[in-house]
Amino acid sequence: MRVRNVHERVLQAAPSRLGELVDSLASERDSLWPRDRWPPMRFDRALAVGAVGGHGPIRYTVDAYDPGRSVRFRFTGPRGFNGHHGYELEEVGPGEARIRHVLEMKTSGRALMAWPLIYRPLHDALMEDSLDRAQAFCGGAAEARRWSIWVRLLRWALGRARGRRRSTRGSRRAKG
């Protein structure tokens with residue numbers, strides 16, 4: 001299945017101001033990624049072409065980076081995610097710029113079902129939280145966005161599953 005998923009927001013800011021956001025990704029001063037609500041974005045080194053990392057179970061490498069303008073990540077996991085995602089900026093008028101996150105991929109195998117049922121709702125909520133952070137960074141009023149019941153249910157179920165895996169690993173270590 002071909003997927004194209006776009007989230008964007010026009011903000012009262014020069015593209016160079018928004019560029020600071022893109023350049024801060026996965027750093028200690030990251031002001032774009034909503035790491036207070038979602039797994040943090042992490043890389044094996046500073047944001048640059050070739051950096052390897054991801055967030056939560058989503059793995060990727062930086063395959064294009066134009067500082068202050070755009071960054072693109074190529075998926076390496078989960079299996080069945082074949083494509084890329086990233087942020088791009090464009091000036092739309094004096095003191096006004098658009099920040100856009102585009103995800104383009106072709107799913108296969110288990111991802112044919114997992115994307116629409118699990119990953120897409122979570123991705124959509126994450127991206128809106130990210131754009132809310134961009135809006136707040138530019139001095140706008142960030143919405144206190146409430147996740148859908150489906151997103152809350154998925155986060156609860158995934159959190160419980162992670163907790164069970166951790167406790168199972170811990171009990172195996174204690175026995176061994």
# chains A, B, ... in the order shown; residues from 1 in each chain; ligands from 1
>>> select_by_dssp(residues="region 16-166 of chain A", states="helix (DSSP H, G or I)", output="PyMOL selection string")
chain A and resi 16-24+111-137+149-166
>>> residues_around(residues="Gly68 (chain A)", least_positions_apart="4", cutoff="12 Å", atoms="only C-alpha atoms", output="ChimeraX atom specification")
/A:14-25,47,87-90,99
>>> closest_residue(among="A:Arg2, A:Asp132, A:Gly53, A:Arg155", to="Trp115 (chain A)", atoms="only C-alpha atoms")
A:Arg2
>>> residues_around(residues="His85 (chain A)", least_positions_apart="3", cutoff="6 Å", atoms="only C-alpha atoms", output="PDB file with all heavy atoms, in the first residue's frame")
ATOM      1  N   ARG A  72      15.488  14.784   6.049  1.00  0.00           N
ATOM      2  CA  ARG A  72      14.728  13.613   5.601  1.00  0.00           C
ATOM      3  C   ARG A  72      15.363  12.364   6.176  1.00  0.00           C
ATOM      4  O   ARG A  72      16.591  12.228   6.190  1.00  0.00           O
ATOM      5  CB  ARG A  72      14.684  13.527   4.080  1.00  0.00           C
ATOM      6  CG  ARG A  72      13.724  12.430   3.604  1.00  0.00           C
ATOM      7  CD  ARG A  72      13.603  12.400   2.123  1.00  0.00           C
ATOM      8  NE  ARG A  72      14.844  11.849   1.584  1.00  0.00           N
ATOM      9  CZ  ARG A  72      15.116  11.746   0.301  1.00  0.00           C
ATOM     10  NH1 ARG A  72      14.262  12.185  -0.590  1.00  0.00           N
ATOM     11  NH2 ARG A  72      16.253  11.237  -0.098  1.00  0.00           N
ATOM     12  N   PHE A  73      14.510  11.468   6.640  1.00  0.00           N
ATOM     13  CA  PHE A  73      14.934  10.221   7.269  1.00  0.00           C
ATOM     14  C   PHE A  73      14.446   9.036   6.445  1.00  0.00           C
ATOM     15  O   PHE A  73      13.279   8.999   6.068  1.00  0.00           O
ATOM     16  CB  PHE A  73      14.338  10.110   8.679  1.00  0.00           C
ATOM     17  CG  PHE A  73      14.523  11.343   9.519  1.00  0.00           C
ATOM     18  CD1 PHE A  73      13.486  12.244   9.694  1.00  0.00           C
ATOM     19  CD2 PHE A  73      15.734  11.598  10.141  1.00  0.00           C
ATOM     20  CE1 PHE A  73      13.635  13.375  10.482  1.00  0.00           C
ATOM     21  CE2 PHE A  73      15.896  12.728  10.929  1.00  0.00           C
ATOM     22  CZ  PHE A  73      14.852  13.622  11.099  1.00  0.00           C
ATOM     23  N   VAL A 102       6.309  15.384   5.990  1.00  0.00           N
ATOM     24  CA  VAL A 102       5.801  14.490   4.951  1.00  0.00           C
ATOM     25  C   VAL A 102       6.348  13.088   5.200  1.00  0.00           C
ATOM     26  O   VAL A 102       7.551  12.913   5.410  1.00  0.00           O
ATOM     27  CB  VAL A 102       6.233  14.962   3.535  1.00  0.00           C
ATOM     28  CG1 VAL A 102       5.753  13.995   2.468  1.00  0.00           C
ATOM     29  CG2 VAL A 102       5.720  16.366   3.264  1.00  0.00           C
ATOM     30  N   LEU A 103       5.448  12.120   5.190  1.00  0.00           N
ATOM     31  CA  LEU A 103       5.819  10.712   5.279  1.00  0.00           C
ATOM     32  C   LEU A 103       5.356  10.066   3.982  1.00  0.00           C
ATOM     33  O   LEU A 103       4.175  10.187   3.625  1.00  0.00           O
ATOM     34  CB  LEU A 103       5.136  10.065   6.481  1.00  0.00           C
ATOM     35  CG  LEU A 103       5.402   8.582   6.707  1.00  0.00           C
ATOM     36  CD1 LEU A 103       5.313   8.262   8.198  1.00  0.00           C
ATOM     37  CD2 LEU A 103       4.464   7.689   5.936  1.00  0.00           C
TER      38      LEU A 103
END
>>> residues_around(residues="Tyr119 (chain A)", least_positions_apart="2", cutoff="12 Å", atoms="only C-alpha atoms", output="ChimeraX atom specification")
/A:3,5,56-58,78,81,103,107,110-117,121-127,150-151,154-155,158
>>> select_by_dssp(residues="chain A", states="strand (DSSP E or B)", output="PyMOL selection string")
chain A and resi 2-11+42-43+52-55+58-66+70-77+81-93+96-107
